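Q: Sharing my_file33.tsv below, TSV, C-alpha atoms:
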chain	number	residue	atom	x	y	z
A	1	MET	CA	110.82	119.05	99.43
A	2	SER	CA	107.81	116.76	99.01
A	3	ASN	CA	106.40	116.13	95.54
A	4	THR	CA	103.04	114.99	96.83
A	5	LEU	CA	100.02	117.03	95.81
A	6	GLN	CA	97.95	118.27	98.73
A	7	ILE	CA	94.28	117.52	98.15
A	8	LEU	CA	91.33	118.71	100.18
A	9	MET	CA	88.46	116.23	99.92
A	10	VAL	CA	85.12	117.73	100.91
A	11	ASP	CA	82.16	115.39	101.40
A	12	ASP	CA	79.56	114.94	104.12
A	13	CYS	CA	79.69	111.15	103.77
A	14	ALA	CA	82.46	109.71	105.97
A	15	ASP	CA	82.62	106.47	103.98
A	16	ILE	CA	83.22	108.29	100.71
A	17	ARG	CA	85.92	110.44	102.32
A	18	GLU	CA	87.64	107.31	103.61
A	19	ILE	CA	87.53	105.40	100.32
A	20	ALA	CA	88.69	108.40	98.30
A	21	THR	CA	91.53	109.05	100.72
A	22	LEU	CA	92.72	105.44	100.49
A	23	CYS	CA	92.57	105.48	96.69
A	24	LEU	CA	94.50	108.71	96.42
A	25	GLU	CA	97.13	108.05	99.06
A	26	LEU	CA	97.96	104.57	97.80
A	27	THR	CA	99.51	106.15	94.71
A	28	GLY	CA	102.04	107.97	96.86
A	29	ASP	CA	101.36	111.06	94.75
A	30	TYR	CA	98.73	112.66	96.96
A	31	CYS	CA	98.30	113.65	100.56
A	32	VAL	CA	94.66	114.10	101.54
A	33	THR	CA	92.97	116.31	104.09
A	34	THR	CA	89.22	116.04	104.54
A	35	ALA	CA	86.32	118.30	105.44
A	36	HIS	CA	82.67	117.40	105.87
A	37	ASP	CA	80.95	120.55	104.58
A	38	GLY	CA	81.60	123.86	102.86
A	39	ILE	CA	82.25	125.80	106.04
A	40	GLU	CA	84.85	123.37	107.30
A	41	ALA	CA	86.35	123.32	103.80
A	42	LEU	CA	86.89	127.09	103.84
A	43	GLU	CA	88.58	126.83	107.23
A	44	CYS	CA	90.86	124.07	105.92
A	45	VAL	CA	91.75	126.00	102.78
A	46	HIS	CA	92.63	129.03	104.86
A	47	SER	CA	94.99	127.03	107.09
A	48	LYS	CA	96.43	124.50	104.64
A	49	GLU	CA	96.21	126.04	101.13
A	50	PRO	CA	95.78	122.73	99.25
A	51	ASP	CA	96.90	122.25	95.66
A	52	LEU	CA	93.53	120.87	94.59
A	53	ILE	CA	90.02	120.61	96.03
A	54	LEU	CA	87.50	117.82	95.45
A	55	LEU	CA	84.10	119.25	96.29
A	56	ASP	CA	80.81	117.47	96.88
A	57	VAL	CA	77.66	119.44	96.10
A	58	MET	CA	74.90	118.28	98.46
A	59	MET	CA	76.17	119.00	101.97
A	60	PRO	CA	74.67	120.45	105.15
A	61	ARG	CA	75.41	123.99	106.42
A	62	MET	CA	77.09	125.14	103.19
A	63	ASN	CA	76.71	123.22	99.96
A	64	GLY	CA	79.37	122.81	97.30
A	65	VAL	CA	78.09	125.50	94.95
A	66	GLU	CA	77.97	128.08	97.76
A	67	CYS	CA	81.42	127.00	98.88
A	68	MET	CA	82.70	127.36	95.33
A	69	GLU	CA	81.52	130.98	95.22
A	70	GLN	CA	83.55	131.72	98.34
A	71	LEU	CA	86.57	129.86	97.03
A	72	ARG	CA	86.59	131.82	93.80
A	73	LEU	CA	86.47	135.09	95.72
A	74	ARG	CA	89.11	134.19	98.30
A	75	PHE	CA	91.29	131.51	96.70
A	76	PRO	CA	90.86	131.85	92.94
A	77	HIS	CA	94.21	130.17	92.22
A	78	ILE	CA	93.24	126.79	93.73
A	79	PRO	CA	91.71	124.40	91.17
A	80	VAL	CA	88.42	122.75	92.14
A	81	ILE	CA	86.83	119.56	90.84
A	82	PHE	CA	83.21	118.87	91.70
A	83	PHE	CA	82.64	115.33	92.97
A	84	THR	CA	78.94	114.60	92.87
A	85	SER	CA	76.12	112.43	91.64
A	86	GLN	CA	74.23	115.50	90.40
A	87	VAL	CA	75.36	115.28	86.80
A	88	GLN	CA	72.41	116.42	84.71
A	89	ALA	CA	73.26	118.81	81.86
A	90	ASP	CA	72.06	121.93	83.65
A	91	HIS	CA	74.12	121.04	86.71
A	92	ILE	CA	77.24	120.45	84.65
A	93	GLU	CA	76.84	123.82	82.98
A	94	ARG	CA	76.55	125.46	86.38
A	95	TYR	CA	79.73	123.72	87.60
A	96	ARG	CA	81.59	124.79	84.49
A	97	GLN	CA	80.48	128.41	84.83
A	98	SER	CA	81.46	128.43	88.49
A	99	GLY	CA	85.11	128.10	87.51
A	100	ALA	CA	85.67	124.43	88.38
A	101	ILE	CA	88.15	122.55	86.21
A	102	GLY	CA	86.04	119.41	85.95
A	103	LEU	CA	83.60	116.92	87.35
A	104	LEU	CA	84.04	113.48	88.87
A	105	SER	CA	80.78	111.60	89.06
A	106	LYS	CA	79.69	109.35	91.90
A	107	PRO	CA	79.54	106.58	92.88
A	108	ILE	CA	83.24	106.30	93.49
A	109	ILE	CA	84.87	103.44	91.58
A	110	PRO	CA	88.26	102.81	93.19
A	111	LEU	CA	89.96	101.40	90.10
A	112	SER	CA	89.21	104.40	87.89
A	113	PHE	CA	88.91	107.21	90.42
A	114	VAL	CA	92.55	108.33	90.44
A	115	GLN	CA	92.89	107.84	86.70
A	116	SER	CA	89.89	110.12	86.10
A	117	LEU	CA	91.23	112.72	88.48
A	118	ARG	CA	94.59	112.75	86.71
A	119	HIS	CA	92.86	113.15	83.37
A	120	ILE	CA	90.83	116.12	84.57
A	121	THR	CA	93.83	117.92	86.04
A	122	ALA	CA	95.68	117.48	82.75
A	123	HIS	CA	92.73	118.12	80.43
A	124	PRO	CA	89.96	120.14	82.12
A	125	TRP	CA	86.41	119.39	80.98
A	126	THR	CA	87.31	116.63	78.55
A	127	ARG	CA	86.37	112.98	78.73
A	128	PRO	CA	89.08	110.32	79.17
B	129	MET	CA	94.47	86.98	111.88
B	130	MET	CA	95.33	86.58	115.54
B	131	LEU	CA	93.42	88.80	117.93
B	132	LEU	CA	93.71	89.25	121.63
B	133	LEU	CA	90.69	90.28	123.64
B	134	ILE	CA	91.83	92.11	126.75
B	135	SER	CA	89.20	92.54	129.40
B	136	PRO	CA	89.07	93.23	133.12
B	137	MET	CA	86.29	90.65	133.34
B	138	PRO	CA	85.25	87.59	131.36
B	139	PRO	CA	83.39	88.74	128.24
B	140	ALA	CA	80.19	87.14	127.07
B	141	ARG	CA	80.60	83.68	125.58
B	142	SER	CA	78.55	84.83	122.59
B	143	LEU	CA	81.15	87.46	121.73
B	144	ILE	CA	83.95	84.94	121.71
B	145	ASP	CA	81.85	82.64	119.55
B	146	GLU	CA	81.15	85.43	117.10
B	147	LEU	CA	84.83	86.19	116.84
B	148	LYS	CA	85.58	82.69	115.63
B	149	VAL	CA	86.37	84.25	112.24
B	150	ALA	CA	89.61	85.22	113.88
B	151	ASP	CA	91.97	83.40	116.15
B	152	CYS	CA	90.88	85.22	119.26
B	153	SER	CA	92.10	84.52	122.74
B	154	LEU	CA	91.57	86.16	126.09
B	155	GLN	CA	93.80	88.07	128.45
B	156	HIS	CA	92.96	89.57	131.80
B	157	LEU	CA	93.85	93.25	131.94
B	158	GLY	CA	95.56	92.79	135.29
B	159	LYS	CA	97.77	89.91	134.14
B	160	LEU	CA	98.96	90.89	130.70
B	161	ASP	CA	101.40	88.70	128.82
B	162	LEU	CA	103.19	91.43	126.89
B	163	SER	CA	104.86	89.09	124.41
B	164	ARG	CA	101.44	87.81	123.32
B	165	CYS	CA	100.24	91.40	122.94
B	166	THR	CA	103.19	92.16	120.69
B	167	ALA	CA	102.65	89.05	118.58
B	168	ALA	CA	98.94	89.65	118.00
B	169	ASP	CA	97.59	91.29	114.84
B	170	GLY	CA	95.15	93.35	116.84
B	171	LEU	CA	94.09	93.99	120.40
B	172	ILE	CA	90.49	94.41	121.43
B	173	LEU	CA	90.44	96.33	124.65
B	174	TRP	CA	87.30	96.24	126.74
B	175	THR	CA	87.12	99.16	129.10
B	176	THR	CA	85.23	99.84	132.27
B	177	ARG	CA	84.57	102.76	134.55
B	178	GLN	CA	87.22	101.40	136.92
B	179	SER	CA	89.96	101.51	134.28
B	180	PRO	CA	88.83	104.17	131.83
B	181	LEU	CA	91.22	103.83	128.92
B	182	GLY	CA	93.94	102.90	131.42
B	183	GLY	CA	94.65	99.59	129.75
B	184	ALA	CA	95.66	101.36	126.58
B	185	ASP	CA	98.01	103.63	128.48
B	186	THR	CA	99.62	100.58	130.04
B	187	LEU	CA	100.12	98.87	126.69
B	188	ARG	CA	101.62	101.89	124.98
B	189	ASP	CA	103.80	102.70	127.96
B	190	GLU	CA	105.20	99.18	127.64
B	191	GLY	CA	106.13	99.95	124.04
B	192	ILE	CA	103.51	97.72	122.47
B	193	GLU	CA	102.44	99.18	119.15
B	194	THR	CA	99.91	96.55	118.13
B	195	PRO	CA	96.74	98.17	116.73
B	196	ILE	CA	94.07	98.57	119.39
B	197	VAL	CA	90.33	98.77	119.01
B	198	LEU	CA	88.69	100.12	122.09
B	199	VAL	CA	85.33	98.74	123.10
B	200	ASN	CA	83.32	101.51	124.67
B	201	GLY	CA	81.57	99.53	127.37
B	202	PRO	CA	78.12	100.49	128.62
B	203	GLN	CA	79.58	101.71	131.91
B	204	LEU	CA	82.22	103.93	130.38
B	205	ASN	CA	80.89	106.13	127.61
B	206	ALA	CA	84.32	107.48	126.76
B	207	THR	CA	83.99	111.06	125.73
B	208	ASN	CA	85.50	112.38	122.54
B	209	VAL	CA	87.90	114.42	124.66
B	210	GLN	CA	89.14	111.24	126.35
B	211	ARG	CA	89.52	109.55	123.00
B	212	GLU	CA	91.45	112.52	121.61
B	213	ARG	CA	93.69	112.57	124.66
B	214	LEU	CA	94.93	109.15	123.73
B	215	SER	CA	97.21	109.89	120.86
B	216	TYR	CA	97.83	106.17	120.55
B	217	GLY	CA	95.66	105.35	117.59
B	218	LEU	CA	92.66	104.86	119.80
B	219	LYS	CA	90.32	106.61	117.43
B	220	TYR	CA	89.11	103.11	116.63
B	221	VAL	CA	86.24	102.70	119.00
B	222	VAL	CA	83.20	100.46	118.85
B	223	ASP	CA	80.29	100.77	121.20
B	224	ALA	CA	78.96	97.89	123.26
B	225	PRO	CA	77.07	95.74	122.63
B	226	ILE	CA	79.59	94.81	120.00
B	227	LYS	CA	78.57	94.11	116.45
B	228	VAL	CA	81.24	91.85	115.05
B	229	LYS	CA	81.07	93.38	111.56
B	230	THR	CA	81.78	96.80	113.04
B	231	LEU	CA	84.59	95.41	115.16
B	232	LEU	CA	86.27	93.76	112.19
B	233	LEU	CA	86.01	96.98	110.19
B	234	GLU	CA	87.59	99.00	112.98
B	235	LEU	CA	90.34	96.42	113.34
B	236	HIS	CA	91.08	96.74	109.65
B	237	ARG	CA	91.21	100.52	109.99
B	238	ALA	CA	93.51	100.20	113.00
B	239	ARG	CA	95.84	97.75	111.26
B	240	TYR	CA	95.94	99.63	107.96
B	241	PRO	CA	95.36	103.32	108.59
B	242	LYS	CA	97.05	104.14	105.30
B	243	ALA	CA	96.86	102.47	101.92
B	244	ASN	CA	100.61	102.02	101.70
B	245	ALA	CA	100.63	99.21	104.25
B	246	PRO	CA	103.73	97.01	104.10
B	247	GLY	CA	103.09	93.49	102.91
B	248	LEU	CA	99.66	94.12	101.44
B	249	ASP	CA	98.79	95.04	97.87
B	250	PRO	CA	96.97	98.42	97.96
B	251	GLN	CA	94.15	97.27	95.70
B	252	THR	CA	93.61	94.24	97.93
B	253	LEU	CA	93.54	96.50	100.96
B	254	ILE	CA	90.91	98.75	99.40
B	255	ALA	CA	88.83	95.77	98.28
B	256	GLU	CA	88.98	94.30	101.79
B	257	ARG	CA	88.09	97.63	103.40
B	258	MET	CA	85.18	98.22	101.03
B	259	ALA	CA	83.83	94.71	101.64
B	260	LEU	CA	83.90	95.30	105.40
B	261	MET	CA	82.33	98.75	105.02
B	262	ARG	CA	79.63	97.30	102.77
B	263	ALA	CA	78.83	94.65	105.37
B	264	VAL	CA	78.38	97.31	108.06
B	265	TYR	CA	76.40	99.52	105.68
B	266	SER	CA	74.09	96.62	104.77
B	267	ASP	CA	72.93	96.48	108.37
B	268	THR	CA	71.90	100.14	108.23
B	269	LEU	CA	70.10	99.98	104.92
B	270	LEU	CA	66.78	98.82	106.31
B	271	GLU	CA	66.74	101.66	108.84
B	272	ARG	CA	67.54	104.18	106.12
B	273	ILE	CA	64.62	103.03	103.99
B	274	GLN	CA	62.32	102.98	107.01
B	275	ALA	CA	63.29	106.57	107.80
B	276	ILE	CA	62.40	107.58	104.25
B	277	GLU	CA	59.08	105.74	104.49
B	278	GLU	CA	58.32	107.59	107.72
B	279	ASP	CA	59.01	110.95	106.09
B	280	THR	CA	56.86	110.17	103.06
B	281	ARG	CA	53.89	109.49	105.35
B	282	SER	CA	54.03	113.01	106.73
B	283	PHE	CA	55.26	114.64	103.52
B	284	ASN	CA	54.85	118.40	103.34
B	285	PRO	CA	55.43	119.78	99.80
B	286	SER	CA	56.55	123.12	101.21
B	287	ASP	CA	59.26	121.47	103.32
B	288	ARG	CA	60.92	118.82	101.14
B	289	GLU	CA	64.46	119.29	102.39
B	290	PRO	CA	64.57	116.64	105.17
B	291	LEU	CA	63.23	113.91	102.91
B	292	TYR	CA	65.30	115.09	99.96
B	293	THR	CA	68.48	114.91	102.04
B	294	LYS	CA	67.74	111.35	103.19
B	295	VAL	CA	66.94	110.22	99.66
B	296	HIS	CA	70.03	111.89	98.22
B	297	ASN	CA	72.24	110.26	100.84
B	298	LEU	CA	70.70	106.87	100.15
B	299	LYS	CA	71.33	107.30	96.43
B	300	GLY	CA	75.00	108.12	97.00
B	301	THR	CA	75.85	105.58	99.66
B	302	ALA	CA	73.91	102.72	98.08
B	303	GLY	CA	75.68	103.39	94.79
B	304	THR	CA	79.03	103.39	96.53
B	305	TYR	CA	78.38	99.93	97.94
B	306	SER	CA	76.98	98.43	94.74
B	307	PHE	CA	73.35	98.43	95.82
B	308	THR	CA	72.76	99.62	92.29
B	309	ARG	CA	69.01	99.09	92.09
B	310	VAL	CA	68.42	100.78	95.46
B	311	SER	CA	70.50	103.71	94.25
B	312	GLN	CA	68.56	103.94	91.00
B	313	ILE	CA	65.19	103.96	92.77
B	314	ALA	CA	66.47	106.59	95.18
B	315	ALA	CA	67.55	108.66	92.17
B	316	GLN	CA	64.00	108.41	90.74
B	317	LEU	CA	62.57	109.56	94.04
B	318	GLU	CA	65.09	112.38	94.22
B	319	ARG	CA	63.97	113.60	90.79
B	320	ALA	CA	60.33	113.37	91.84
B	321	LEU	CA	61.06	115.49	94.89
B	322	SER	CA	62.64	118.11	92.65
B	323	SER	CA	59.60	118.26	90.39
B	324	LYS	CA	56.32	120.14	90.71
B	325	GLU	CA	54.23	117.27	89.34
B	326	PRO	CA	51.63	116.42	92.02
B	327	SER	CA	51.15	112.83	90.83
B	328	LEU	CA	54.82	112.11	91.51
B	329	LEU	CA	54.47	113.44	95.03
B	330	SER	CA	51.29	111.62	96.03
B	331	LEU	CA	51.13	109.18	98.92
B	332	LYS	CA	50.32	106.42	96.44
B	333	ALA	CA	53.43	107.14	94.38
B	334	PHE	CA	55.57	107.26	97.52
B	335	LYS	CA	54.19	103.92	98.70
B	336	GLN	CA	55.11	102.27	95.41
B	337	THR	CA	58.60	103.70	95.50
B	338	VAL	CA	59.22	102.70	99.11
B	339	LYS	CA	57.98	99.19	98.36
B	340	ALA	CA	60.40	99.04	95.43
B	341	LEU	CA	63.24	100.13	97.72
B	342	TYR	CA	62.49	97.33	100.18
B	343	LEU	CA	62.38	94.77	97.38
B	344	ALA	CA	65.60	96.01	95.80
B	345	ARG	CA	67.34	95.83	99.17
B	346	GLU	CA	66.25	92.22	99.61
B	347	GLU	CA	67.49	91.33	96.14
B	348	GLU	CA	70.87	93.02	96.51
B	349	LEU	CA	71.81	91.94	100.02
Translate the structure described by the file into structure tokens.

A:
Amino acid sequence: MSNTLQILMVDDCADIREIATLCLELTGDYCVTTAHDGIEALECVHSKEPDLILLDVMMPRMNGVECMEQLRLRFPHIPVIFFTSQVQADHIERYRQSGAIGLLSKPIIPLSFVQSLRHITAHPWTRP
Amino acid sequence: MMLLLISPMPPARSLIDELKVADCSLQHLGKLDLSRCTAADGLILWTTRQSPLGGADTLRDEGIETPIVLVNGPQLNATNVQRERLSYGLKYVVDAPIKVKTLLLELHRARYPKANAPGLDPQTLIAERMALMRAVYSDTLLERIQAIEEDTRSFNPSDREPLYTKVHNLKGTAGTYSFTRVSQIAAQLERALSSKEPSLLSLKAFKQTVKALYLAREEEL
């Protein structure tokens, strides 16, 4: 049985999806599937049931907050981390209340990205 | 890096000159030296209507697993269905006329599809990939700012979404590629677009911001 954690990375920017996937998979601890908006994310979750979801906020068709509402209704057991550059206090409060376990802020910094993700999964809503 | 350019016809001299960053040699599609194909680090396969993707089939059928970047020639326009049909790693496609930066990026993707590539430190691989992606992104930055400038000229306060989306994307992507000042200015503009303050949404204010974006781009290239 594989010990790798299945992550669904949802972002409308292909470059960010690629960099994040490389960073995560190089550890050998994660296997990454990607989706480019909230609608595709829901389809992926339905078919693959990931262990963790990284969710951008500003996306076409269905944004991250709308997607999160659907996820909480249909897949409440899957932890979600918002991955966004919208990190003002009122936004953070909204993410917290939505049921997410944490927030990773953009831009992506390869050297600290995985470390921050590990911290959030171990200690939701605390700073490293 | 040793590359092999495989083409059914002689490619433009300028392309070969541009590829001088790599050790690139030529092969005619009809007279392939398979041992050279195996030894190369990457194959650049130029396609035509007469041999649509057929060269790749030939190579894979011969058991050659060297990464291939397909050049989508002006006469071919390979459809996504055709590309999908080739389950040979031919998702790496550049469109003609070739931009060398794009070609080198696709070659890197073809050679190292995963971060756990043998013989290469993962951090080095990511740094190399990001540098190549930044180089390609740099060429699009001017167009992105121009598109924002265009939208500000016809700005409609009751329909901010198209401009907001462009500005938000610029903020995120520029930040990713260390165009820090461009990203910061885009963030200011994004905040202005979220506000109801008319002075922040005037044509004069937009002009100043767009000018600042152009300057920041120049400085950070």

Q: Restricting the calculation to only C-alpha atoms: of A:Cys23, A:Arg74, A:Pro107, A:Ile101, which residue gets closest to Val87 (chain A)?

A: A:Pro107

Q: Give me, as a PyMOL selection string, the contact residues of chain A against chain B at a cut-off of 9 Å, counting all atoms listed in the file.

A: chain A and resi 13+15-16+19+21-28+58-60+84-85+106-111

Q: How about saving the chosen residues, C-alpha atoms kept, as a PDB file, keeping the file's coordinate frame?

A:
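Wrote it out as selection-v4.pdb, contents follow:
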ATOM      1  CA  CYS A  13      79.690 111.150 103.770  1.00  0.00           C
ATOM      2  CA  ASP A  15      82.620 106.470 103.980  1.00  0.00           C
ATOM      3  CA  ILE A  16      83.220 108.290 100.710  1.00  0.00           C
ATOM      4  CA  ILE A  19      87.530 105.400 100.320  1.00  0.00           C
ATOM      5  CA  THR A  21      91.530 109.050 100.720  1.00  0.00           C
ATOM      6  CA  LEU A  22      92.720 105.440 100.490  1.00  0.00           C
ATOM      7  CA  CYS A  23      92.570 105.480  96.690  1.00  0.00           C
ATOM      8  CA  LEU A  24      94.500 108.710  96.420  1.00  0.00           C
ATOM      9  CA  GLU A  25      97.130 108.050  99.060  1.00  0.00           C
ATOM     10  CA  LEU A  26      97.960 104.570  97.800  1.00  0.00           C
ATOM     11  CA  THR A  27      99.510 106.150  94.710  1.00  0.00           C
ATOM     12  CA  GLY A  28     102.040 107.970  96.860  1.00  0.00           C
ATOM     13  CA  MET A  58      74.900 118.280  98.460  1.00  0.00           C
ATOM     14  CA  MET A  59      76.170 119.000 101.970  1.00  0.00           C
ATOM     15  CA  PRO A  60      74.670 120.450 105.150  1.00  0.00           C
ATOM     16  CA  THR A  84      78.940 114.600  92.870  1.00  0.00           C
ATOM     17  CA  SER A  85      76.120 112.430  91.640  1.00  0.00           C
ATOM     18  CA  LYS A 106      79.690 109.350  91.900  1.00  0.00           C
ATOM     19  CA  PRO A 107      79.540 106.580  92.880  1.00  0.00           C
ATOM     20  CA  ILE A 108      83.240 106.300  93.490  1.00  0.00           C
ATOM     21  CA  ILE A 109      84.870 103.440  91.580  1.00  0.00           C
ATOM     22  CA  PRO A 110      88.260 102.810  93.190  1.00  0.00           C
ATOM     23  CA  LEU A 111      89.960 101.400  90.100  1.00  0.00           C
TER      24      LEU A 111
END

Q: Rounded to one decimal in Å, what is the spacing between CA of Gln86 (chain A) and CA of Leu331 (chain B)?

A: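 CA of Gln86 (chain A) sits 25.4 Å away from CA of Leu331 (chain B).
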
Q: What lies within 8 Å of Val65 (chain A) using only C-alpha atoms, ignoring chain neighbours under 3 positions off, as an NGL selection string?

A: :A and (57 or 68-69 or 95 or 98)

Q: State, in Å with one decimal place, the distance from CA of Val338 (chain B) to CA of Val264 (chain B).

A: 21.8 Å

Q: Please report the interatomic distance between CA of Phe113 (chain A) and CA of Cys44 (chain A) in Å with one decimal.

A: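 A separation of 23.0 Å between them.
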
Q: Please provide as a count of residues only all residues within 8 Å of region 33-38 of chain A, with the sequence filter that same-chain residues fewer than 3 positions apart are discarded (counting all atoms listed in the file).

A: 21
